[in-house]
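Undergrad: Got a structure for you, questions after.
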Amino acid sequence: MAKIDISVKILRYLPGKDEKPRWQLFQFAIEDEATILDVLNEIHWQHDGTLSYRRSCRSSICGSCAMKVNGRNVLACETPIHRFGTKLKIEPLSGFSIIKDLVVDLEPFFAKLKRIKPYLIVDKPLPDKEFIQSTAELQAIGESTLCILCAACSAACPSSWPNQDYLGPAALLKAYRFVFDSRDDGSDERLEIINDKNGVWRCHTIFNCMEACPKKIKITDYLSRLKVKVVENSI
Amino acid sequence: MKIDEARNYHKIDAVIVGAGLAGLRAALEVAKSGLSASVISKVYPTRSHSGGAQGGIAAALANVGEDSPQLHMFDTIKGSDYLADQDIIELFVNEAIKTVYEFEHMGVPFSRTEDGRINQRDFGGHSSPRACFAQDVTGHVLLHTLYEQCLKHNVLFFNEFQVLSLLIENDVARGLVAWDIRQGGLHIFHARAVLLATGGYGRAWKVTSNAHANTGDGVGLVLEAGLPLEDMEFVQFHPTGLYKHGILLSEAARGEGAYIINDQGERFMKKYAAAKMELAPRDIVSRSEQTEINEGRGIGGKDYVYLDLRHLGKEKILQRLPQIYDLALNYLKVDAIKDAVPIQPTAHYSMGGIPANAHTEVIRDAKGTVVRGLYTAGEASCLSLHGANRLGCNSLQDAATFGRIAGIRMGEFCRENAYNDLPAEPLAKAQAKIDRLWQAPGKEKHADIREELQVNMTKYMGVFRCESEMLKMKAIIKELQERYRRVAVDDHGAAFNLDLIEALELENLLSFSEVIVEGALARKESRGAHFRTDFPKRDDGQWLKHTLAWRRDGKIVLDFGKVVVIYPQYQPQERKY
């Protein structure tokens, strides 16, 4: 383990105080195995306490620390600095308003999630024990349930940027997760919600969401299957 | 202006602090009953650390092997080193089955058996495959499913709010005061019932599996309110923390057959727990691991050993343990299909916490006197289900089952009781905390104090403890508490002031850490996760009892409560695996 010198530019912004976002440069030595989150902690704890960012689990599962590093959306906690070298540019996720520094307003993101009825809808009587579901049926939704709602996908989506009403990849992936769940009876109402110009048709298969997803979920593929389902359902 | 006309005043039947499994499960129950329920959380609900649990949720479904609630009960009692209360365990093992089926009906994507039922795997200390799982992301899918259900039932969320004081007067809970992290400002939550589901307190250690959020705010607030904490000396160290990072590699790896080996390539657990090997309870595996390291058989003589998955094969690793594979690859650049993964014990779970009875009502003395309207569930609580050592997969189950029970009880309480008046000057205590940090004349940095606390807790309050080291820790905490009075924060802004939040959290860390040390010093025996090299044996004659600790006049005062042993066949006996 050795220390290396790094130079880190961070986009700082405090609405109401700063006229517009500004870059601040930090230069210091850090262990070469450090992650982006280690870099932020080092700055916040040792150099400038006023830097704000979100973080919690440190193990790629809570989804708090999605941000843009050298142009790519990553989870700060799981991304080693050596992936980018010694010059780092850290900024908040695009497409969201900034609350402070690297912290963006995720209320619209979570509000969109709620719009697609993100819960299992069951009309049939509940069994005494579990619903029977085959491994093949589970596999249809398996990968989509790994979504951690970090918003890296939505922030990378060019269709989302100019259309604040577009549901966006995360909410649509959640729709997929329930529409294709063998236990769910709510497909019709959900498909109606997403059969809209700001629903699944706003996805132009640009694949940015897939590239940005830290869980490597094939979001664009699932959204395409959702489109087919919408068409099938409306015939 | 009167308080109840203020913009930041909220009147809500049940106010729930914490959005992990316990908090959300309680909120869902309250909301479904038609009452207003709001969840106050310092992070967005899906960021809660229940999502970090990987391996499974325990219930005797008997889908894979023979099993019964009675067997689950005995395993849990033995796992607890006989300190757990048997009435609580009996309730738990019976409710556990219902809890899992409810989760499945809510849509949890459990892994399946060949005939389409919920799949189950082996887990440490369980004598049957009892861990219901979804690959190795069980906590994640349970948490997200519960959040979804709460959205469905219109639970009101106050996300990114930090609770700063409990409003309790004459032993009746009336609400709480919280700081809006996003915009700044104090809010009063006036409630009929309050639930503390604030999770664990592993951030007091440097090497920990816990999230940044796990600073024990609930236990800190309870101490501050003059109420006791229970069994705080019992902290579980998980044997498979990723080396240097401390983050969790699930016991599911060993459930699927992974080995733990030392520098000589030896599966050393055969010396310590010949029957159960790597699937002995965590306290025993962590101690064995630390013994190997201390005696020079760590890898290359260093402070780690190996978790070896290689013989499981690529397919099983990627199918059953994908998260573990990714974590080792991303954080240590180790490909677990080809190489063994460096691991070390890591602070993981708090068996102790806020004392409560079987109804999740918070109690304030060894006689079991209830604080009316105040409830607790999940890792923040101590019922005591886990005694001196928790079995894997019993924590998700604990949070969900007692979260549901808390929700039911709070609903009943709210229907029978009016809102009680708020104390005079409800904001005063919370405002004083903020003012002190913003107006402090000092130059101490909270980051430095926290680092010293964590490094020394890992050094002196780990897997092995002894009086001389714990006395050192006690003195260090006293000094750090003194220095904390001079902490100043750089950031004086209202919007997302992380600096302020971290400084506020540190006060809690310093407060309950002192209780951990005092409890561990007093308990002159070794039981479960609390092992003293100067008292290496369990002493049922003296110490088959729960520790209760209060902060009074700046000092920690102890009392002791009875352990509930209801079954003659489950009397304390020698604990071998």
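To be explicit about the labels: the chains of the structure tokens are called A, B, and onward in the order shown, and within each one the residues are counted from 1, while ligands get numbers from 1 in the order they are shown.
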For range 116-130 of chain A, find every residue with an atom within 7 Å (counting only C-alpha atoms), except residues of its own chain fewer than 3 positions away, and show them as a list in words.
TA: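 What passes the distance filter is Leu113, Ala171, Lys174, Ala175, Phe178, Asp184, Asp185, Gly186, Arg190 and Ile193 of chain A; Tyr101, Glu104, His105, Met106, Gly107, Arg117, Glu148, Gln149 and Lys152 of chain B.
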Undergrad: Report as number ranges by chain all protein, DNA and RNA residues lying within 12 Å of Ala475 in chain B, evaluated on only C-alpha atoms, omitting residues in the same chain fewer than 3 positions from it.
TA: B: 453, 456-457, 460, 468-472, 478-482, 513-514, 517-518
Undergrad: If you keep all heavy atoms, can you produce a file of those selected residues as a compact mmCIF listing (two decimals), in the first residue's frame?
TA:
# COMPACT_ATOMS: atom_id res chain seq x y z
N LEU B 453 -12.01 7.42 18.75
CA LEU B 453 -12.96 6.51 19.38
C LEU B 453 -12.97 5.17 18.64
O LEU B 453 -12.84 4.10 19.25
CB LEU B 453 -14.37 7.12 19.37
CG LEU B 453 -15.47 6.19 19.90
CD1 LEU B 453 -15.41 6.08 21.42
CD2 LEU B 453 -16.87 6.66 19.47
N ASN B 456 -9.72 2.99 18.84
CA ASN B 456 -9.52 2.40 20.17
C ASN B 456 -10.59 1.38 20.55
O ASN B 456 -10.31 0.42 21.26
CB ASN B 456 -9.40 3.51 21.22
CG ASN B 456 -8.06 4.23 21.12
OD1 ASN B 456 -7.01 3.60 21.25
ND2 ASN B 456 -8.09 5.51 20.82
N MET B 457 -11.80 1.59 20.08
CA MET B 457 -12.85 0.58 20.34
C MET B 457 -12.48 -0.73 19.63
O MET B 457 -12.68 -1.82 20.17
CB MET B 457 -14.22 1.08 19.87
CG MET B 457 -14.83 2.16 20.76
SD MET B 457 -15.38 1.57 22.40
CE MET B 457 -16.99 0.89 22.01
N TYR B 460 -9.49 -2.14 21.79
CA TYR B 460 -9.69 -2.54 23.19
C TYR B 460 -11.05 -3.22 23.47
O TYR B 460 -11.22 -3.84 24.51
CB TYR B 460 -9.59 -1.32 24.11
CG TYR B 460 -8.21 -0.67 24.11
CD1 TYR B 460 -8.06 0.69 23.89
CD2 TYR B 460 -7.07 -1.44 24.35
CE1 TYR B 460 -6.81 1.29 23.90
CE2 TYR B 460 -5.81 -0.84 24.36
CZ TYR B 460 -5.69 0.51 24.13
OH TYR B 460 -4.45 1.09 24.15
N SER B 468 -7.65 -4.49 32.08
CA SER B 468 -6.69 -3.39 31.94
C SER B 468 -6.95 -2.62 30.64
O SER B 468 -6.88 -1.38 30.61
CB SER B 468 -5.26 -3.93 31.96
OG SER B 468 -5.08 -4.85 30.91
N GLU B 469 -7.30 -3.34 29.57
CA GLU B 469 -7.55 -2.64 28.30
C GLU B 469 -8.86 -1.85 28.34
O GLU B 469 -8.95 -0.76 27.79
CB GLU B 469 -7.57 -3.65 27.14
CG GLU B 469 -6.21 -4.32 26.97
CD GLU B 469 -6.05 -4.97 25.61
OE1 GLU B 469 -7.05 -5.31 24.96
OE2 GLU B 469 -4.88 -5.13 25.21
N MET B 470 -9.85 -2.44 29.00
CA MET B 470 -11.14 -1.73 29.06
C MET B 470 -11.02 -0.48 29.93
O MET B 470 -11.70 0.52 29.66
CB MET B 470 -12.22 -2.67 29.57
CG MET B 470 -12.56 -3.74 28.53
SD MET B 470 -14.05 -4.66 28.91
CE MET B 470 -13.51 -5.68 30.25
N LEU B 471 -10.18 -0.53 30.96
CA LEU B 471 -9.98 0.68 31.77
C LEU B 471 -9.31 1.77 30.93
O LEU B 471 -9.63 2.96 31.08
CB LEU B 471 -9.13 0.36 33.01
CG LEU B 471 -9.89 -0.43 34.10
CD1 LEU B 471 -8.93 -0.87 35.21
CD2 LEU B 471 -11.05 0.39 34.68
N LYS B 472 -8.39 1.36 30.06
CA LYS B 472 -7.78 2.34 29.14
C LYS B 472 -8.87 2.98 28.28
O LYS B 472 -8.89 4.20 28.07
CB LYS B 472 -6.77 1.66 28.21
CG LYS B 472 -5.39 1.46 28.81
CD LYS B 472 -4.45 0.90 27.76
CE LYS B 472 -3.38 0.06 28.43
NZ LYS B 472 -2.64 -0.80 27.51
N LYS B 478 -13.70 9.17 28.33
CA LYS B 478 -13.86 10.36 29.19
C LYS B 478 -13.16 11.56 28.58
O LYS B 478 -13.71 12.67 28.55
CB LYS B 478 -13.30 10.08 30.59
CG LYS B 478 -14.25 9.29 31.48
CD LYS B 478 -15.40 10.17 31.95
CE LYS B 478 -16.51 9.35 32.58
NZ LYS B 478 -17.83 9.98 32.44
N GLU B 479 -11.95 11.31 28.10
CA GLU B 479 -11.18 12.41 27.51
C GLU B 479 -11.86 12.92 26.23
O GLU B 479 -11.98 14.13 26.00
CB GLU B 479 -9.75 11.92 27.20
CG GLU B 479 -8.81 13.00 26.71
CD GLU B 479 -7.91 12.52 25.57
OE1 GLU B 479 -7.37 11.41 25.69
OE2 GLU B 479 -7.79 13.26 24.58
N LEU B 480 -12.35 11.96 25.41
CA LEU B 480 -13.00 12.36 24.16
C LEU B 480 -14.31 13.11 24.42
O LEU B 480 -14.64 14.07 23.73
CB LEU B 480 -13.26 11.13 23.28
CG LEU B 480 -12.01 10.39 22.77
CD1 LEU B 480 -12.41 9.15 21.97
CD2 LEU B 480 -11.12 11.31 21.93
N GLN B 481 -15.03 12.69 25.47
CA GLN B 481 -16.27 13.41 25.82
C GLN B 481 -15.95 14.85 26.23
O GLN B 481 -16.68 15.78 25.89
CB GLN B 481 -17.00 12.69 26.96
CG GLN B 481 -17.70 11.41 26.51
CD GLN B 481 -18.28 10.62 27.66
OE1 GLN B 481 -17.89 10.81 28.83
NE2 GLN B 481 -19.19 9.70 27.37
N GLU B 482 -14.85 14.99 26.94
CA GLU B 482 -14.42 16.33 27.35
C GLU B 482 -14.07 17.18 26.12
O GLU B 482 -14.49 18.33 25.99
CB GLU B 482 -13.20 16.18 28.28
CG GLU B 482 -12.70 17.46 28.92
CD GLU B 482 -13.80 18.21 29.67
OE1 GLU B 482 -14.66 17.54 30.28
OE2 GLU B 482 -13.79 19.47 29.61
N SER B 513 -21.01 4.42 23.91
CA SER B 513 -19.77 3.66 24.00
C SER B 513 -19.34 3.51 25.46
O SER B 513 -18.81 2.48 25.87
CB SER B 513 -18.65 4.33 23.20
OG SER B 513 -18.93 4.25 21.82
N GLU B 514 -19.58 4.55 26.22
CA GLU B 514 -19.25 4.50 27.65
C GLU B 514 -20.06 3.39 28.34
O GLU B 514 -19.55 2.67 29.21
CB GLU B 514 -19.53 5.86 28.29
CG GLU B 514 -19.04 5.95 29.73
CD GLU B 514 -19.38 7.29 30.37
OE1 GLU B 514 -20.01 8.15 29.71
OE2 GLU B 514 -19.03 7.47 31.55
N VAL B 517 -18.58 -0.05 27.58
CA VAL B 517 -17.38 -0.31 28.37
C VAL B 517 -17.75 -0.63 29.83
O VAL B 517 -17.24 -1.59 30.41
CB VAL B 517 -16.40 0.88 28.29
CG1 VAL B 517 -15.22 0.67 29.22
CG2 VAL B 517 -15.92 1.08 26.86
N GLU B 518 -18.65 0.16 30.40
CA GLU B 518 -19.02 -0.06 31.80
C GLU B 518 -19.69 -1.43 31.99
O GLU B 518 -19.43 -2.14 32.95
CB GLU B 518 -19.95 1.05 32.29
CG GLU B 518 -19.28 2.41 32.44
CD GLU B 518 -18.34 2.51 33.64
OE1 GLU B 518 -18.20 1.51 34.39
OE2 GLU B 518 -17.73 3.58 33.82
Undergrad: With 8 Å as the limit and counting only C-alpha atoms, what residues in chain B lie close to chain A? Please list them as number ranges by chain.
TA: B: 46-49, 51-52, 101, 104-107, 109, 111-118, 137, 140-141, 145, 148-149, 151-152, 182, 210-213, 247-248, 327, 330-331, 447-448, 489-491, 495-499
Undergrad: Filtering to C-alpha atoms, could you give me those residues as a PDB file, in the first residue's frame?
TA:
ATOM      1  CA  THR B  46     -34.298   2.185   0.654  1.00  0.00           C
ATOM      2  CA  ARG B  47     -30.876   3.359   1.910  1.00  0.00           C
ATOM      3  CA  SER B  48     -31.481   1.844   5.354  1.00  0.00           C
ATOM      4  CA  HIS B  49     -28.987  -0.729   6.478  1.00  0.00           C
ATOM      5  CA  GLY B  51     -30.714  -3.664   2.886  1.00  0.00           C
ATOM      6  CA  GLY B  52     -27.148  -4.656   3.690  1.00  0.00           C
ATOM      7  CA  TYR B 101     -45.348 -15.926   4.079  1.00  0.00           C
ATOM      8  CA  GLU B 104     -43.893 -13.587  -0.059  1.00  0.00           C
ATOM      9  CA  HIS B 105     -47.461 -12.386  -0.552  1.00  0.00           C
ATOM     10  CA  MET B 106     -46.160  -8.812  -0.722  1.00  0.00           C
ATOM     11  CA  GLY B 107     -43.994  -9.842  -3.652  1.00  0.00           C
ATOM     12  CA  PRO B 109     -38.624 -12.457  -4.961  1.00  0.00           C
ATOM     13  CA  SER B 111     -35.143 -17.939  -4.465  1.00  0.00           C
ATOM     14  CA  ARG B 112     -37.146 -21.088  -5.119  1.00  0.00           C
ATOM     15  CA  THR B 113     -36.912 -24.841  -4.645  1.00  0.00           C
ATOM     16  CA  GLU B 114     -37.412 -27.087  -7.667  1.00  0.00           C
ATOM     17  CA  ASP B 115     -41.114 -27.322  -6.878  1.00  0.00           C
ATOM     18  CA  GLY B 116     -41.480 -23.550  -6.680  1.00  0.00           C
ATOM     19  CA  ARG B 117     -41.535 -23.028  -2.931  1.00  0.00           C
ATOM     20  CA  ILE B 118     -39.332 -20.648  -0.929  1.00  0.00           C
ATOM     21  CA  VAL B 137     -29.494  -9.889  -1.430  1.00  0.00           C
ATOM     22  CA  HIS B 140     -32.260  -5.603  -0.035  1.00  0.00           C
ATOM     23  CA  VAL B 141     -35.377  -7.227  -1.519  1.00  0.00           C
ATOM     24  CA  THR B 145     -40.727  -4.688  -0.905  1.00  0.00           C
ATOM     25  CA  GLU B 148     -43.302  -0.423  -1.878  1.00  0.00           C
ATOM     26  CA  GLN B 149     -46.067  -1.608   0.442  1.00  0.00           C
ATOM     27  CA  LEU B 151     -46.134   3.652  -0.627  1.00  0.00           C
ATOM     28  CA  LYS B 152     -49.248   1.647  -1.448  1.00  0.00           C
ATOM     29  CA  ARG B 182     -32.254  18.939   3.388  1.00  0.00           C
ATOM     30  CA  ASN B 210     -22.111  -1.073   9.479  1.00  0.00           C
ATOM     31  CA  ALA B 211     -23.213   1.823   7.325  1.00  0.00           C
ATOM     32  CA  HIS B 212     -22.218   5.416   8.040  1.00  0.00           C
ATOM     33  CA  ALA B 213     -25.768   5.896   9.290  1.00  0.00           C
ATOM     34  CA  ILE B 247     -17.798  -4.682   4.903  1.00  0.00           C
ATOM     35  CA  LEU B 248     -19.888  -7.797   5.060  1.00  0.00           C
ATOM     36  CA  LEU B 327     -17.688  -7.096  -3.478  1.00  0.00           C
ATOM     37  CA  ASN B 330     -14.528  -4.414  -6.637  1.00  0.00           C
ATOM     38  CA  TYR B 331     -12.970  -3.729  -3.268  1.00  0.00           C
ATOM     39  CA  ALA B 447     -13.693  13.729  12.630  1.00  0.00           C
ATOM     40  CA  ASP B 448     -10.571  13.470  14.806  1.00  0.00           C
ATOM     41  CA  VAL B 489     -18.304  22.656  12.826  1.00  0.00           C
ATOM     42  CA  ASP B 490     -17.089  24.388   9.666  1.00  0.00           C
ATOM     43  CA  ASP B 491     -20.479  24.471   8.028  1.00  0.00           C
ATOM     44  CA  ALA B 495     -29.000  23.119   3.524  1.00  0.00           C
ATOM     45  CA  PHE B 496     -27.741  19.537   3.775  1.00  0.00           C
ATOM     46  CA  ASN B 497     -25.209  20.248   6.470  1.00  0.00           C
ATOM     47  CA  LEU B 498     -23.346  16.950   6.694  1.00  0.00           C
ATOM     48  CA  ASP B 499     -20.795  18.511   9.009  1.00  0.00           C
TER      49      ASP B 499
END
Undergrad: Do a neighbour search on Val8 in chain A at 10 Å with only C-alpha atoms, toss out local chain neighbours closer than 4 positions, and write the hits as an mmCIF file with N, CA and C atoms, in the first residue's frame.
TA:
data_model
loop_
_atom_site.group_PDB
_atom_site.id
_atom_site.type_symbol
_atom_site.label_atom_id
_atom_site.label_comp_id
_atom_site.auth_asym_id
_atom_site.auth_seq_id
_atom_site.Cartn_x
_atom_site.Cartn_y
_atom_site.Cartn_z
ATOM 1 N N TRP A 23 -16.044 25.224 -9.532
ATOM 2 C CA TRP A 23 -15.112 24.123 -9.273
ATOM 3 C C TRP A 23 -14.174 24.503 -8.139
ATOM 4 N N GLN A 24 -13.932 23.547 -7.267
ATOM 5 C CA GLN A 24 -12.941 23.771 -6.219
ATOM 6 C C GLN A 24 -11.892 22.672 -6.313
ATOM 7 N N LEU A 25 -10.651 23.066 -6.229
ATOM 8 C CA LEU A 25 -9.559 22.100 -6.399
ATOM 9 C C LEU A 25 -8.970 21.700 -5.046
ATOM 10 N N PHE A 26 -8.779 20.412 -4.870
ATOM 11 C CA PHE A 26 -8.101 19.893 -3.674
ATOM 12 C C PHE A 26 -6.920 19.035 -4.139
ATOM 13 N N GLN A 27 -5.787 19.200 -3.494
ATOM 14 C CA GLN A 27 -4.638 18.361 -3.835
ATOM 15 C C GLN A 27 -4.054 17.781 -2.559
ATOM 16 N N PHE A 28 -3.938 16.472 -2.519
ATOM 17 C CA PHE A 28 -3.366 15.828 -1.328
ATOM 18 C C PHE A 28 -2.951 14.413 -1.689
ATOM 19 N N VAL A 39 -11.936 9.463 -0.868
ATOM 20 C CA VAL A 39 -11.445 10.789 -1.259
ATOM 21 C C VAL A 39 -12.362 11.878 -0.693
ATOM 22 N N LEU A 40 -13.668 11.673 -0.852
ATOM 23 C CA LEU A 40 -14.626 12.677 -0.343
ATOM 24 C C LEU A 40 -14.553 12.787 1.175
ATOM 25 N N ILE A 43 -11.510 14.736 2.207
ATOM 26 C CA ILE A 43 -11.703 16.181 2.023
ATOM 27 C C ILE A 43 -12.612 16.730 3.129
ATOM 28 N N THR A 86 -4.991 9.882 -11.426
ATOM 29 C CA THR A 86 -4.743 10.797 -10.303
ATOM 30 C C THR A 86 -5.453 12.131 -10.451
ATOM 31 N N LYS A 87 -6.099 12.349 -11.583
ATOM 32 C CA LYS A 87 -6.874 13.584 -11.764
ATOM 33 C C LYS A 87 -8.364 13.243 -11.774
ATOM 34 N N LEU A 88 -9.071 13.755 -10.760
ATOM 35 C CA LEU A 88 -10.493 13.418 -10.621
ATOM 36 C C LEU A 88 -11.359 14.665 -10.756
ATOM 37 N N LYS A 89 -12.491 14.484 -11.424
ATOM 38 C CA LYS A 89 -13.496 15.559 -11.525
ATOM 39 C C LYS A 89 -14.801 14.990 -11.011
ATOM 40 N N ILE A 90 -15.261 15.500 -9.879
ATOM 41 C CA ILE A 90 -16.452 14.926 -9.243
ATOM 42 C C ILE A 90 -17.581 15.956 -9.252
#
Undergrad: If you run DSSP on the backbone here, which positions in range 160-396 of chain B get helix (DSSP H, G or I)? Please write them as a PyMOL selection string.
TA: chain B and resi 202-204+217-224+252-255+269-272+277-279+282-294+299-301+310-312+314-320+322-332+378-380+394-396
Undergrad: Between B:Tyr484, B:Phe413, B:Trp438, B:Tyr82, which has the minimum distance to Arg192 in chain B (counting only C-alpha atoms)?
TA: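 Using only C-alpha atoms, Arg192 in chain B sits closest to B:Phe413.
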